[in-house]
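The next block is structure.txt, given as compact mmCIF, C-alpha atoms.
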# COMPACT_ATOMS: atom_id res chain seq x y z
CA MET P 27 -22.39 -18.64 0.80
CA LYS P 28 -22.99 -19.24 -2.90
CA LYS P 29 -24.33 -21.12 -5.87
CA THR P 30 -22.32 -23.07 -8.48
CA ASP P 31 -22.57 -25.78 -11.28
CA ILE P 32 -19.73 -28.41 -10.98
CA ALA P 33 -16.30 -26.86 -11.34
CA ARG P 34 -14.76 -25.66 -8.14
CA ARG P 35 -17.69 -24.58 -5.88
CA LYS P 36 -20.47 -25.43 -8.32
CA PHE P 37 -23.42 -26.44 -6.26
CA MET P 38 -27.01 -26.44 -7.48
CA GLY P 39 -28.84 -23.54 -5.93
CA LYS P 40 -31.92 -21.62 -6.97
CA LEU P 41 -34.09 -21.19 -3.94
CA ALA P 42 -31.61 -21.48 -1.07
CA VAL P 43 -31.79 -18.80 1.58
CA VAL P 44 -29.39 -17.44 4.16
CA LEU P 45 -30.56 -17.31 7.74
CA SER P 46 -28.83 -14.12 8.84
CA TYR P 47 -29.10 -12.18 12.05
CA ALA P 48 -31.49 -9.73 10.37
CA GLY P 49 -33.79 -12.52 9.23
CA LEU P 50 -34.29 -14.51 6.06
CA GLY P 51 -32.71 -13.15 2.90
CA PRO P 52 -31.73 -14.35 -0.58
CA LEU P 53 -28.69 -16.56 -0.96
CA GLN P 54 -25.81 -14.69 -2.57
CA LEU P 55 -24.48 -15.85 -5.91
CA SER P 56 -21.27 -17.84 -5.76
CA ALA P 57 -17.94 -16.24 -6.51
CA GLN P 58 -17.61 -18.61 -9.43
CA ASN P 59 -20.92 -17.52 -10.96
CA ARG P 60 -20.26 -13.86 -10.20
CA ALA P 61 -16.93 -14.20 -11.96
CA ARG P 62 -18.58 -15.65 -15.02
CA GLN P 63 -21.21 -12.94 -15.04
CA GLY P 64 -18.67 -10.17 -14.48
CA SER P 65 -16.19 -11.39 -17.09
CA GLY P 66 -18.59 -11.99 -19.96
CA ALA P 67 -18.75 -10.10 -23.23
CA VAL P 68 -19.05 -6.33 -22.86
CA ALA P 69 -19.50 -4.02 -25.82
CA GLY P 70 -16.13 -2.78 -27.04
CA LYS P 71 -14.18 -5.08 -24.73
CA PRO P 72 -12.49 -8.47 -25.16
CA ASP P 73 -14.75 -11.49 -24.79
CA PRO P 74 -13.14 -14.12 -22.51
CA LYS P 75 -15.44 -16.77 -24.00
CA LYS P 76 -13.70 -16.45 -27.36
CA ALA P 77 -10.41 -18.33 -27.62
CA ALA P 78 -8.67 -15.57 -29.55
CA ASP P 79 -9.53 -13.01 -26.87
CA TYR P 80 -9.04 -15.39 -23.96
CA ASP P 81 -5.47 -16.20 -24.93
CA LYS P 82 -4.55 -12.49 -24.98
CA LEU P 83 -6.11 -11.62 -21.62
CA ILE P 84 -4.20 -11.45 -18.34
CA LYS P 85 -6.24 -13.71 -16.09
CA LEU P 86 -6.20 -12.56 -12.44
CA ALA P 87 -9.68 -13.70 -11.43
CA ASN P 88 -9.79 -17.41 -10.54
CA ASN P 89 -6.77 -17.94 -8.28
CA GLU P 90 -5.07 -20.25 -10.76
CA ASN P 91 -1.39 -21.11 -10.96
CA PRO P 92 -0.16 -18.90 -13.84
CA TYR P 93 2.90 -21.06 -14.52
CA GLY P 94 1.11 -24.26 -15.52
CA PRO P 95 1.88 -27.87 -14.59
CA PRO P 96 5.59 -28.79 -14.26
CA GLU P 97 7.29 -31.07 -16.75
CA GLY P 98 7.06 -34.21 -14.58
CA VAL P 99 3.30 -33.82 -14.15
CA MET P 100 2.82 -33.21 -17.87
CA LYS P 101 4.81 -36.35 -18.68
CA ALA P 102 2.77 -38.44 -16.25
CA MET P 103 -0.44 -37.28 -17.89
CA ASN P 104 0.83 -37.70 -21.43
CA ASP P 105 1.97 -41.25 -20.66
CA ALA P 106 -1.55 -42.06 -19.42
CA TRP P 107 -3.29 -41.28 -22.71
CA LYS P 108 -3.15 -44.98 -23.58
CA TYR P 109 -5.96 -45.42 -21.04
CA GLY P 110 -8.10 -42.66 -22.55
CA ASN P 111 -10.53 -45.14 -24.09
CA ARG P 112 -11.18 -47.06 -20.84
CA TYR P 113 -13.53 -46.49 -17.92
CA ALA P 114 -11.96 -48.48 -15.09
CA ALA P 115 -8.31 -47.81 -15.90
CA PRO P 116 -5.56 -47.65 -13.26
CA ASP P 117 -5.48 -44.42 -11.24
CA GLY P 118 -1.73 -43.90 -11.38
CA GLY P 119 -1.47 -44.70 -7.68
CA LEU P 120 -3.44 -41.57 -6.78
CA ILE P 121 -5.45 -42.94 -3.85
CA ASP P 122 -2.38 -44.53 -2.29
CA ALA P 123 -0.36 -41.34 -2.84
CA ILE P 124 -3.02 -39.21 -1.13
CA ALA P 125 -3.27 -41.67 1.77
CA GLU P 126 0.50 -41.69 2.21
CA HIS P 127 0.65 -37.90 1.96
CA HIS P 128 -1.80 -37.55 4.87
CA GLN P 129 -0.70 -40.64 6.80
CA VAL P 130 -4.16 -42.18 6.54
CA LYS P 131 -5.52 -45.34 4.91
CA PRO P 132 -6.98 -45.51 1.38
CA GLU P 133 -10.38 -46.05 3.02
CA ASN P 134 -10.11 -42.49 4.34
CA VAL P 135 -9.84 -40.96 0.84
CA LEU P 136 -12.54 -39.89 -1.60
CA VAL P 137 -11.64 -38.41 -5.01
CA GLY P 138 -13.81 -35.86 -6.78
CA CYS P 139 -14.11 -33.78 -9.95
CA GLY P 140 -12.33 -30.87 -8.31
CA SER P 141 -13.05 -30.11 -4.68
CA SER P 142 -16.31 -28.65 -6.01
CA GLU P 143 -17.71 -32.14 -6.28
CA ILE P 144 -16.60 -32.86 -2.72
CA LEU P 145 -18.59 -29.82 -1.60
CA LYS P 146 -21.61 -31.00 -3.55
CA ILE P 147 -21.34 -34.50 -2.10
CA VAL P 148 -21.10 -33.17 1.46
CA ASP P 149 -24.08 -30.96 0.76
CA ASP P 150 -26.15 -33.91 -0.45
CA ALA P 151 -25.08 -36.18 2.38
CA PHE P 152 -25.44 -33.87 5.37
CA LEU P 153 -27.86 -31.11 4.39
CA PRO P 154 -31.31 -32.62 3.82
CA ASP P 155 -34.36 -30.37 3.86
CA HIS P 156 -34.34 -29.32 7.50
CA LYS P 157 -30.59 -29.07 8.12
CA LEU P 158 -28.47 -25.90 8.38
CA VAL P 159 -24.88 -25.14 7.42
CA VAL P 160 -22.90 -22.72 9.59
CA GLY P 161 -20.11 -20.61 8.09
CA VAL P 162 -18.69 -17.10 7.86
CA ASP P 163 -19.84 -14.42 5.46
CA PRO P 164 -18.29 -13.96 2.98
CA THR P 165 -16.72 -17.33 2.26
CA TYR P 166 -16.64 -19.88 -0.54
CA PHE P 167 -19.39 -22.39 -0.07
CA ALA P 168 -22.83 -23.07 -1.45
CA THR P 169 -25.80 -25.06 -0.28
CA ASN P 170 -28.29 -27.04 -2.31
CA SER P 171 -31.66 -25.62 -3.25
CA LYS P 172 -33.30 -26.72 -0.01
CA ALA P 173 -30.64 -25.89 2.55
CA LYS P 174 -30.37 -22.84 4.78
CA ALA P 175 -27.28 -21.25 6.24
CA ILE P 176 -26.38 -19.37 9.38
CA ALA P 177 -23.92 -16.81 8.00
CA VAL P 178 -21.65 -15.33 10.66
CA PRO P 179 -20.14 -11.96 9.65
CA LEU P 180 -16.38 -11.56 9.66
CA THR P 181 -14.76 -9.54 12.43
CA LYS P 182 -13.47 -5.99 11.93
CA THR P 183 -10.09 -7.54 11.06
CA TYR P 184 -11.75 -9.72 8.38
CA ASP P 185 -11.26 -12.89 10.41
CA ALA P 186 -13.64 -15.69 11.31
CA ASN P 187 -15.52 -14.99 14.53
CA MET P 188 -14.94 -18.41 16.01
CA LYS P 189 -16.66 -17.76 19.32
CA GLU P 190 -19.79 -16.72 17.46
CA ILE P 191 -19.58 -19.72 15.14
CA ILE P 192 -19.44 -21.96 18.20
CA ARG P 193 -22.30 -20.09 19.89
CA VAL P 194 -24.71 -20.32 16.96
CA THR P 195 -23.77 -23.93 16.29
CA LYS P 196 -24.50 -24.96 19.86
CA ALA P 197 -27.69 -22.89 19.94
CA ASN P 198 -28.96 -24.65 16.81
CA ALA P 199 -27.27 -28.00 17.38
CA ARG P 200 -30.35 -30.08 16.58
CA ASP P 201 -30.63 -28.46 13.15
CA VAL P 202 -26.99 -28.00 12.10
CA GLY P 203 -25.88 -30.50 9.49
CA VAL P 204 -22.38 -29.15 8.78
CA VAL P 205 -20.03 -26.43 9.99
CA TYR P 206 -17.98 -25.12 7.06
CA ILE P 207 -14.54 -23.52 7.51
CA CYS P 208 -12.50 -22.33 4.54
CA ASN P 209 -8.92 -22.14 5.81
CA PRO P 210 -7.40 -19.93 4.51
CA ASN P 211 -10.64 -18.16 3.75
CA ASN P 212 -11.66 -17.24 0.25
CA PRO P 213 -12.06 -14.33 -0.54
CA THR P 214 -10.11 -12.66 2.28
CA GLY P 215 -6.98 -14.82 2.35
CA ARG P 216 -7.06 -14.90 6.15
CA ILE P 217 -6.27 -18.03 8.15
CA VAL P 218 -8.14 -19.56 11.04
CA PRO P 219 -5.39 -20.18 13.64
CA LYS P 220 -4.79 -23.75 14.75
CA ASP P 221 -5.89 -23.03 18.33
CA GLU P 222 -9.25 -21.76 17.05
CA ILE P 223 -9.79 -24.88 14.95
CA LYS P 224 -9.12 -26.96 18.05
CA MET P 225 -11.46 -24.75 20.10
CA LEU P 226 -14.22 -25.28 17.54
CA LEU P 227 -13.84 -29.06 17.53
CA ASP P 228 -13.65 -29.22 21.31
CA SER P 229 -16.64 -26.92 21.85
CA ILE P 230 -19.43 -28.08 19.54
CA PRO P 231 -21.33 -31.37 19.83
CA GLY P 232 -19.17 -34.22 18.55
CA ASP P 233 -21.84 -35.54 16.20
CA ILE P 234 -21.82 -32.40 14.00
CA PRO P 235 -19.45 -32.77 11.03
CA VAL P 236 -16.92 -29.99 10.48
CA PHE P 237 -15.95 -29.51 6.86
CA ILE P 238 -12.58 -27.75 6.46
CA ASP P 239 -11.72 -26.55 2.96
CA GLU P 240 -7.93 -26.33 2.59
CA ALA P 241 -7.75 -25.37 -1.09
CA TYR P 242 -5.12 -22.69 -0.40
CA HIS P 243 -3.18 -24.22 2.47
CA HIS P 244 -0.06 -24.75 0.32
CA PHE P 245 0.58 -21.00 0.22
CA VAL P 246 0.48 -20.39 3.99
CA ASP P 247 3.61 -19.53 5.96
CA ASP P 248 1.97 -18.17 9.14
CA PRO P 249 3.19 -20.26 12.12
CA ASN P 250 -0.25 -19.96 13.73
CA TYR P 251 -1.69 -22.11 10.95
CA GLU P 252 -1.63 -25.87 10.54
CA PRO P 253 -3.48 -28.31 8.27
CA SER P 254 -6.24 -30.18 10.08
CA GLY P 255 -5.53 -33.70 8.83
CA LYS P 256 -4.48 -34.81 12.31
CA TYR P 257 -8.10 -34.62 13.42
CA VAL P 258 -9.02 -37.20 10.79
CA ILE P 259 -6.33 -39.49 12.18
CA GLU P 260 -7.79 -38.92 15.67
CA GLY P 261 -11.18 -40.05 14.38
CA ARG P 262 -12.90 -36.69 14.84
CA LYS P 263 -15.96 -35.97 12.72
CA VAL P 264 -13.92 -33.83 10.33
CA ILE P 265 -13.83 -33.76 6.53
CA ILE P 266 -10.84 -32.11 4.84
CA ALA P 267 -11.12 -30.98 1.22
CA ARG P 268 -8.09 -30.41 -1.00
CA THR P 269 -7.75 -29.47 -4.66
CA PHE P 270 -5.19 -29.78 -7.44
CA SER P 271 -6.57 -26.62 -9.04
CA LYS P 272 -4.39 -24.09 -7.23
CA ILE P 273 -0.70 -24.67 -6.54
CA ALA P 274 -0.70 -27.87 -8.65
CA ALA P 275 -1.90 -25.92 -11.73
CA LEU P 276 -4.52 -28.49 -12.79
CA ALA P 277 -7.62 -26.29 -12.57
CA GLY P 278 -8.85 -27.18 -16.04
CA MET P 279 -8.27 -30.90 -15.47
CA ARG P 280 -10.66 -31.04 -12.47
CA LEU P 281 -9.31 -33.06 -9.55
CA GLY P 282 -9.87 -32.77 -5.83
CA TYR P 283 -10.33 -35.05 -2.86
CA ALA P 284 -11.52 -35.44 0.70
CA ILE P 285 -9.98 -37.20 3.65
CA ALA P 286 -12.18 -38.18 6.56
CA PRO P 287 -12.82 -41.03 9.01
CA LYS P 288 -14.09 -44.14 7.22
CA GLU P 289 -17.60 -43.77 8.63
CA LEU P 290 -17.90 -40.34 7.00
CA ILE P 291 -16.38 -41.49 3.71
CA ASP P 292 -18.94 -44.33 3.68
CA GLN P 293 -21.72 -41.77 4.14
CA LEU P 294 -20.40 -39.71 1.22
CA LYS P 295 -19.79 -42.52 -1.28
CA PRO P 296 -23.45 -43.09 -2.26
CA PHE P 297 -23.54 -39.53 -3.62
CA VAL P 298 -20.48 -39.92 -5.86
CA MET P 299 -21.18 -40.12 -9.58
CA SER P 300 -19.65 -43.14 -11.34
CA TYR P 301 -16.41 -42.43 -13.23
CA ASN P 302 -16.41 -38.91 -11.85
CA THR P 303 -12.75 -38.12 -12.58
CA ASN P 304 -10.74 -38.64 -15.74
CA THR P 305 -7.86 -41.09 -15.86
CA ILE P 306 -5.32 -38.62 -17.26
CA VAL P 307 -5.55 -36.19 -14.36
CA LYS P 308 -5.28 -38.99 -11.79
CA PHE P 309 -1.79 -39.74 -13.06
CA GLY P 310 -1.01 -36.02 -12.99
CA GLY P 311 -2.30 -35.67 -9.44
CA ALA P 312 -0.17 -38.55 -8.17
CA ALA P 313 2.92 -37.03 -9.80
CA SER P 314 2.08 -33.60 -8.40
CA LEU P 315 1.97 -34.84 -4.81
CA LYS P 316 5.53 -36.08 -5.18
CA ASP P 317 6.88 -32.88 -6.73
CA THR P 318 7.54 -30.97 -3.53
CA ALA P 319 10.35 -28.94 -5.13
CA ASN P 320 8.00 -27.33 -7.64
CA GLU P 321 5.44 -26.67 -4.93
CA ALA P 322 8.06 -24.84 -2.85
CA ARG P 323 9.15 -22.83 -5.90
CA ILE P 324 5.63 -21.69 -6.69
CA LYS P 325 4.96 -20.81 -3.06
CA GLN P 326 8.10 -18.65 -2.91
CA LEU P 327 7.33 -16.91 -6.20
CA ASN P 328 3.76 -16.24 -5.14
CA LYS P 329 4.78 -14.71 -1.81
CA GLN P 330 7.49 -12.56 -3.35
CA ILE P 331 5.20 -11.10 -6.01
CA ARG P 332 2.13 -10.82 -3.77
CA ASP P 333 4.01 -8.97 -1.04
CA ARG P 334 5.57 -6.55 -3.52
CA VAL P 335 2.26 -5.70 -5.18
CA THR P 336 0.32 -5.30 -1.94
CA SER P 337 3.08 -3.06 -0.56
CA GLU P 338 2.80 -0.87 -3.64
CA LEU P 339 -0.97 -0.65 -3.25
CA LYS P 340 -0.66 0.30 0.40
CA ALA P 341 1.93 2.93 -0.49
CA MET P 342 -0.69 4.42 -2.84
CA GLY P 343 -3.06 4.71 0.13
CA TYR P 344 -5.29 1.69 -0.54
CA GLU P 345 -6.24 -0.74 2.22
CA VAL P 346 -5.18 -4.31 1.52
CA ILE P 347 -6.13 -7.31 3.64
CA PRO P 348 -2.95 -9.26 4.53
CA SER P 349 -3.23 -12.55 2.64
CA GLN P 350 -1.78 -16.02 3.11
CA THR P 351 -2.90 -17.21 -0.32
CA ASN P 352 -2.35 -16.67 -4.04
CA PHE P 353 -4.82 -13.78 -4.08
CA PHE P 354 -5.50 -10.63 -2.10
CA MET P 355 -8.27 -8.09 -1.57
CA VAL P 356 -7.83 -4.35 -2.06
CA ASN P 357 -10.44 -1.75 -1.12
CA VAL P 358 -11.00 0.33 -4.27
CA LYS P 359 -13.69 2.44 -2.54
CA LYS P 360 -16.27 1.86 -5.27
CA ASP P 361 -18.38 -1.01 -6.53
CA VAL P 362 -16.11 -3.60 -8.13
CA THR P 363 -18.41 -4.42 -11.06
CA PRO P 364 -17.57 -1.31 -13.13
CA VAL P 365 -13.98 -1.63 -11.95
CA ALA P 366 -13.81 -5.09 -13.52
CA GLU P 367 -15.10 -3.61 -16.78
CA ASP P 368 -12.40 -0.92 -16.68
CA PHE P 369 -9.73 -3.59 -16.25
CA LEU P 370 -11.24 -5.73 -19.00
CA LYS P 371 -10.96 -2.83 -21.44
CA LYS P 372 -7.24 -2.89 -20.74
CA GLY P 373 -6.90 -6.66 -21.10
CA PHE P 374 -7.12 -7.83 -17.47
CA VAL P 375 -9.75 -10.19 -16.05
CA VAL P 376 -10.37 -9.24 -12.40
CA GLY P 377 -13.31 -8.28 -10.26
CA ARG P 378 -15.00 -10.65 -7.88
CA LYS P 379 -17.86 -9.17 -5.91
CA PHE P 380 -18.32 -10.75 -2.50
CA SER P 381 -21.31 -9.24 -0.73
CA PRO P 382 -21.19 -7.46 1.67
CA MET P 383 -17.61 -6.52 0.67
CA THR P 384 -18.79 -4.93 -2.57
CA GLU P 385 -15.93 -2.39 -2.77
CA TRP P 386 -13.19 -4.94 -2.22
CA LEU P 387 -11.53 -6.20 -5.38
CA ARG P 388 -10.10 -9.71 -5.19
CA VAL P 389 -7.01 -10.09 -7.36
CA SER P 390 -5.23 -13.36 -8.13
CA VAL P 391 -1.43 -13.27 -8.09
CA GLY P 392 -0.06 -13.71 -11.59
CA THR P 393 3.48 -13.84 -12.91
CA ASP P 394 5.94 -11.04 -12.22
CA GLU P 395 5.29 -9.52 -15.65
CA GLU P 396 1.52 -9.83 -15.28
CA MET P 397 1.49 -8.13 -11.90
CA LYS P 398 3.70 -5.29 -13.11
CA GLY P 399 1.11 -4.81 -15.83
CA PHE P 400 -1.66 -4.94 -13.23
CA MET P 401 -0.02 -2.20 -11.16
CA LYS P 402 0.49 -0.03 -14.22
CA THR P 403 -3.18 -0.43 -15.09
CA PHE P 404 -4.30 0.12 -11.50
CA LYS P 405 -2.47 3.44 -11.43
CA GLU P 406 -4.15 4.45 -14.67
CA ILE P 407 -7.60 3.68 -13.26
CA PHE P 408 -7.16 4.85 -9.66
CA PRO P 409 -5.45 7.91 -8.18
CA ALA P 410 -3.17 7.77 -5.17
CA GLN P 411 -4.95 8.05 -1.81
CA PRO P 412 -3.93 9.18 1.69
CA THR P 413 -2.08 6.27 3.31
CA ALA P 414 -4.54 3.69 4.62
CA GLN P 415 -4.24 1.65 7.81
CA THR P 416 -5.13 -2.01 7.39
CA LYS P 417 -7.36 -3.36 10.16
CA ALA P 418 -6.02 -6.92 9.91
CA GLY P 419 -2.62 -7.72 11.37
Would you mind writing the structure in this file as structure tokens?
Amino acid sequence: MKKTDIARRKFMGKLAVVLSYAGLGPLQLSAQNRARQGSGAVAGKPDPKKAADYDKLIKLANNENPYGPPEGVMKAMNDAWKYGNRYAAPDGGLIDAIAEHHQVKPENVLVGCGSSEILKIVDDAFLPDHKLVVGVDPTYFATNSKAKAIAVPLTKTYDANMKEIIRVTKANARDVGVVYICNPNNPTGRIVPKDEIKMLLDSIPGDIPVFIDEAYHHFVDDPNYEPSGKYVIEGRKVIIARTFSKIAALAGMRLGYAIAPKELIDQLKPFVMSYNTNTIVKFGGAASLKDTANEARIKQLNKQIRDRVTSELKAMGYEVIPSQTNFFMVNVKKDVTPVAEDFLKKGFVVGRKFSPMTEWLRVSVGTDEEMKGFMKTFKEIFPAQPTAQTKAG
């Protein structure tokens, strides 16, 4: 659970607390904020905040698409600049394209400034002072300054403990405002299987909204996974969040959306800021949804490079959590904060810290050349270890 400011996962949070099994404790900083803190200027190292340094750095920290938007998406955005001086310009058919993509109606779609705004809107709508959010720990979510969370630890295989999520939700049903599931989970890259999603929805009270964040679903090839949009079509109290920041390569343009039953969308709309998304990216988003060939290409490249790098790390004796995303976690057996500084000295931006997994380094998958450079640098920083056995399957 974490705190942000309005780019993916940027919630307001100063005084929020986590209701853990050991009692009340301080809310952990968000991955996004930890990244910014960990990748700031360090004496004698490149400063990512300076354009000259930023452009030279290999950026493996924010799970971005390293290849950039494809030509068709760039053209769609460039052609939309004629609307740059208008507020209520056409949206490039974005809402209709999203609705068609998910086989829902336009009334089931809500567009946001990245999926971060969707998270903030859900927070405002369903987590007033006395309400709780239930989710795993660690994951990628934040609550507002007044909300509390029941944080369920991951299993020994780094998976969501769905039976425990169901148990604590039912036990606190009167006070739970939202159940949050990041699928695949960030930072572990692990999926929640489709039968467990169904079990969750069938087991908890039907009036509790379930918010499923599918930011990384495009990268999954595990047959036990499936997107949860069908539950929206069924009319379940489910909100699905998607983003154009990952496989679509529009992270800096800020576009995301939610699909949900109309009654939930109507509850969210009052919390949407007017003119919350720019016209240019709406045209890019609509074009991106249609470019399935590029999506497939990026997915294949990502898997090929990710699997090669993680195999090399395991051969060196380091435990790696099997990932279904465009990032992975490797256990470097020491606190990741100084590790990030070591990489920064060598021109690589890495190093999320997700408490309690403080010795697990999350690494975004870059291009083939970038990841070869990462492995070269990793070997310079870390020695080979006795072969490790990964707990996750």
Skip segment 338-342 of chain P itself and residues of its chain fewer than 2 positions away, then list as a PDB file with C-alpha atoms, keeping the file's coordinate frame all residues within 10 Å of it, counting only C-alpha atoms.
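Result file is result_4.pdb:
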ATOM      1  CA  ARG P 332       2.130 -10.820  -3.770  1.00  0.00           C
ATOM      2  CA  ASP P 333       4.010  -8.970  -1.040  1.00  0.00           C
ATOM      3  CA  ARG P 334       5.570  -6.550  -3.520  1.00  0.00           C
ATOM      4  CA  VAL P 335       2.260  -5.700  -5.180  1.00  0.00           C
ATOM      5  CA  THR P 336       0.320  -5.300  -1.940  1.00  0.00           C
ATOM      6  CA  TYR P 344      -5.290   1.690  -0.540  1.00  0.00           C
ATOM      7  CA  GLU P 345      -6.240  -0.740   2.220  1.00  0.00           C
ATOM      8  CA  VAL P 346      -5.180  -4.310   1.520  1.00  0.00           C
ATOM      9  CA  ILE P 347      -6.130  -7.310   3.640  1.00  0.00           C
ATOM     10  CA  VAL P 356      -7.830  -4.350  -2.060  1.00  0.00           C
ATOM     11  CA  ASN P 357     -10.440  -1.750  -1.120  1.00  0.00           C
ATOM     12  CA  MET P 401      -0.020  -2.200 -11.160  1.00  0.00           C
ATOM     13  CA  PHE P 404      -4.300   0.120 -11.500  1.00  0.00           C
ATOM     14  CA  LYS P 405      -2.470   3.440 -11.430  1.00  0.00           C
ATOM     15  CA  PHE P 408      -7.160   4.850  -9.660  1.00  0.00           C
ATOM     16  CA  PRO P 409      -5.450   7.910  -8.180  1.00  0.00           C
ATOM     17  CA  ALA P 410      -3.170   7.770  -5.170  1.00  0.00           C
ATOM     18  CA  GLN P 411      -4.950   8.050  -1.810  1.00  0.00           C
ATOM     19  CA  PRO P 412      -3.930   9.180   1.690  1.00  0.00           C
ATOM     20  CA  THR P 413      -2.080   6.270   3.310  1.00  0.00           C
ATOM     21  CA  ALA P 414      -4.540   3.690   4.620  1.00  0.00           C
ATOM     22  CA  GLN P 415      -4.240   1.650   7.810  1.00  0.00           C
ATOM     23  CA  THR P 416      -5.130  -2.010   7.390  1.00  0.00           C
TER      24      THR P 416
END
Pick out the residues sitting within 9 Å of Phe354 of chain P, and hand them over as a short mmCIF file (atom, residue, chain, number, x, y, z; two decimals) with C-alpha atoms, keeping the file's coordinate frame; count all atoms listed in the file, and ignore anything fewer than 5 positions along from it in its own chain.
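Okay, this is what ended up in around-v9.cif:
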data_model
loop_
_atom_site.label_atom_id
_atom_site.label_comp_id
_atom_site.auth_asym_id
_atom_site.auth_seq_id
_atom_site.Cartn_x
_atom_site.Cartn_y
_atom_site.Cartn_z
CA PRO P 213 -12.06 -14.33 -0.54
CA THR P 214 -10.11 -12.66 2.28
CA GLY P 215 -6.98 -14.82 2.35
CA ARG P 332 2.13 -10.82 -3.77
CA THR P 336 0.32 -5.30 -1.94
CA VAL P 346 -5.18 -4.31 1.52
CA ILE P 347 -6.13 -7.31 3.64
CA PRO P 348 -2.95 -9.26 4.53
CA SER P 349 -3.23 -12.55 2.64
CA LEU P 387 -11.53 -6.20 -5.38
CA ARG P 388 -10.10 -9.71 -5.19
CA VAL P 389 -7.01 -10.09 -7.36
CA SER P 390 -5.23 -13.36 -8.13
CA VAL P 391 -1.43 -13.27 -8.09
#
(message) List as a ChimeraX atom specification the protein and nucleic acid residues near Pro164 of chain P, meaning an atom at most 8 Å away when only C-alpha atoms are counted, but skip any in the same chain fewer than 5 places from it.
(response) /P:27,179-180,212-213,380-383
(message) List as number ranges by chain the protein and nucleic acid residues near Ile217 of chain P, meaning an atom at most 10 Å away when only C-alpha atoms are counted, but skip any in the same chain fewer than 5 places from it.
(response) P: 184-186, 207-212, 242-243, 246, 248, 250-252, 349-351
(request) Counting only C-alpha atoms, figure out which residue out of P:Ala125, P:Leu153, P:Ala312, P:Ala114 gets nearest to Met100 of chain P. (result) P:Ala312
(request) Rank P:Ala241, P:Ala277, P:Ile230, P:Ile192 by their smallest atom-to-atom distance to Tyr166 of chain P, using all atoms listed in the file, and report the top residue only. (result)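 Checking each candidate against Tyr166 of chain P, we get P:Ala241 as the closest.
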(message) Quick one: residues within 10 Å of segment 101-110 of chain P, only C-alpha atoms, excluding same-chain residues fewer than 2 positions away - as JSON, numbers by chain?
(response) {"P": [95, 96, 97, 98, 99, 112, 113, 114, 115, 116, 117, 118, 304, 305, 306, 307, 308, 309, 310, 311, 312, 313, 314]}
(request) Grab the atom CA of Val264 of chain P to atom CA of Pro296 of chain P distance for me, in Å with one decimal place. (result) 18.3 Å
(request) Select, from P:Lys398, P:Lys189, P:Lys82, P:Lys272, the residue with the minimum atom-to-atom distance to Asn352 of chain P, counting all atoms listed in the file. (result)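 Ranking P:Lys398, P:Lys189, P:Lys82, P:Lys272 by distance to Asn352 of chain P, first place goes to P:Lys272.
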(request) Anything within 6 Å of (-20.8, -33.8, 9.0): list those residues as a list in words, counting all atoms listed in the file and sticking to the file's coordinates. (result) Phe152, Val204, Ile234, Pro235 and Val236 of chain P
Suppose we keep C-alpha atoms; can you now write the selection as an mmCIF file, keeping the file's coordinate frame?
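And here's part18.cif as it stands now:
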data_model
loop_
_atom_site.group_PDB
_atom_site.id
_atom_site.type_symbol
_atom_site.label_atom_id
_atom_site.label_comp_id
_atom_site.auth_asym_id
_atom_site.auth_seq_id
_atom_site.Cartn_x
_atom_site.Cartn_y
_atom_site.Cartn_z
ATOM 1 C CA PHE P 152 -25.440 -33.870 5.370
ATOM 2 C CA VAL P 204 -22.380 -29.150 8.780
ATOM 3 C CA ILE P 234 -21.820 -32.400 14.000
ATOM 4 C CA PRO P 235 -19.450 -32.770 11.030
ATOM 5 C CA VAL P 236 -16.920 -29.990 10.480
#
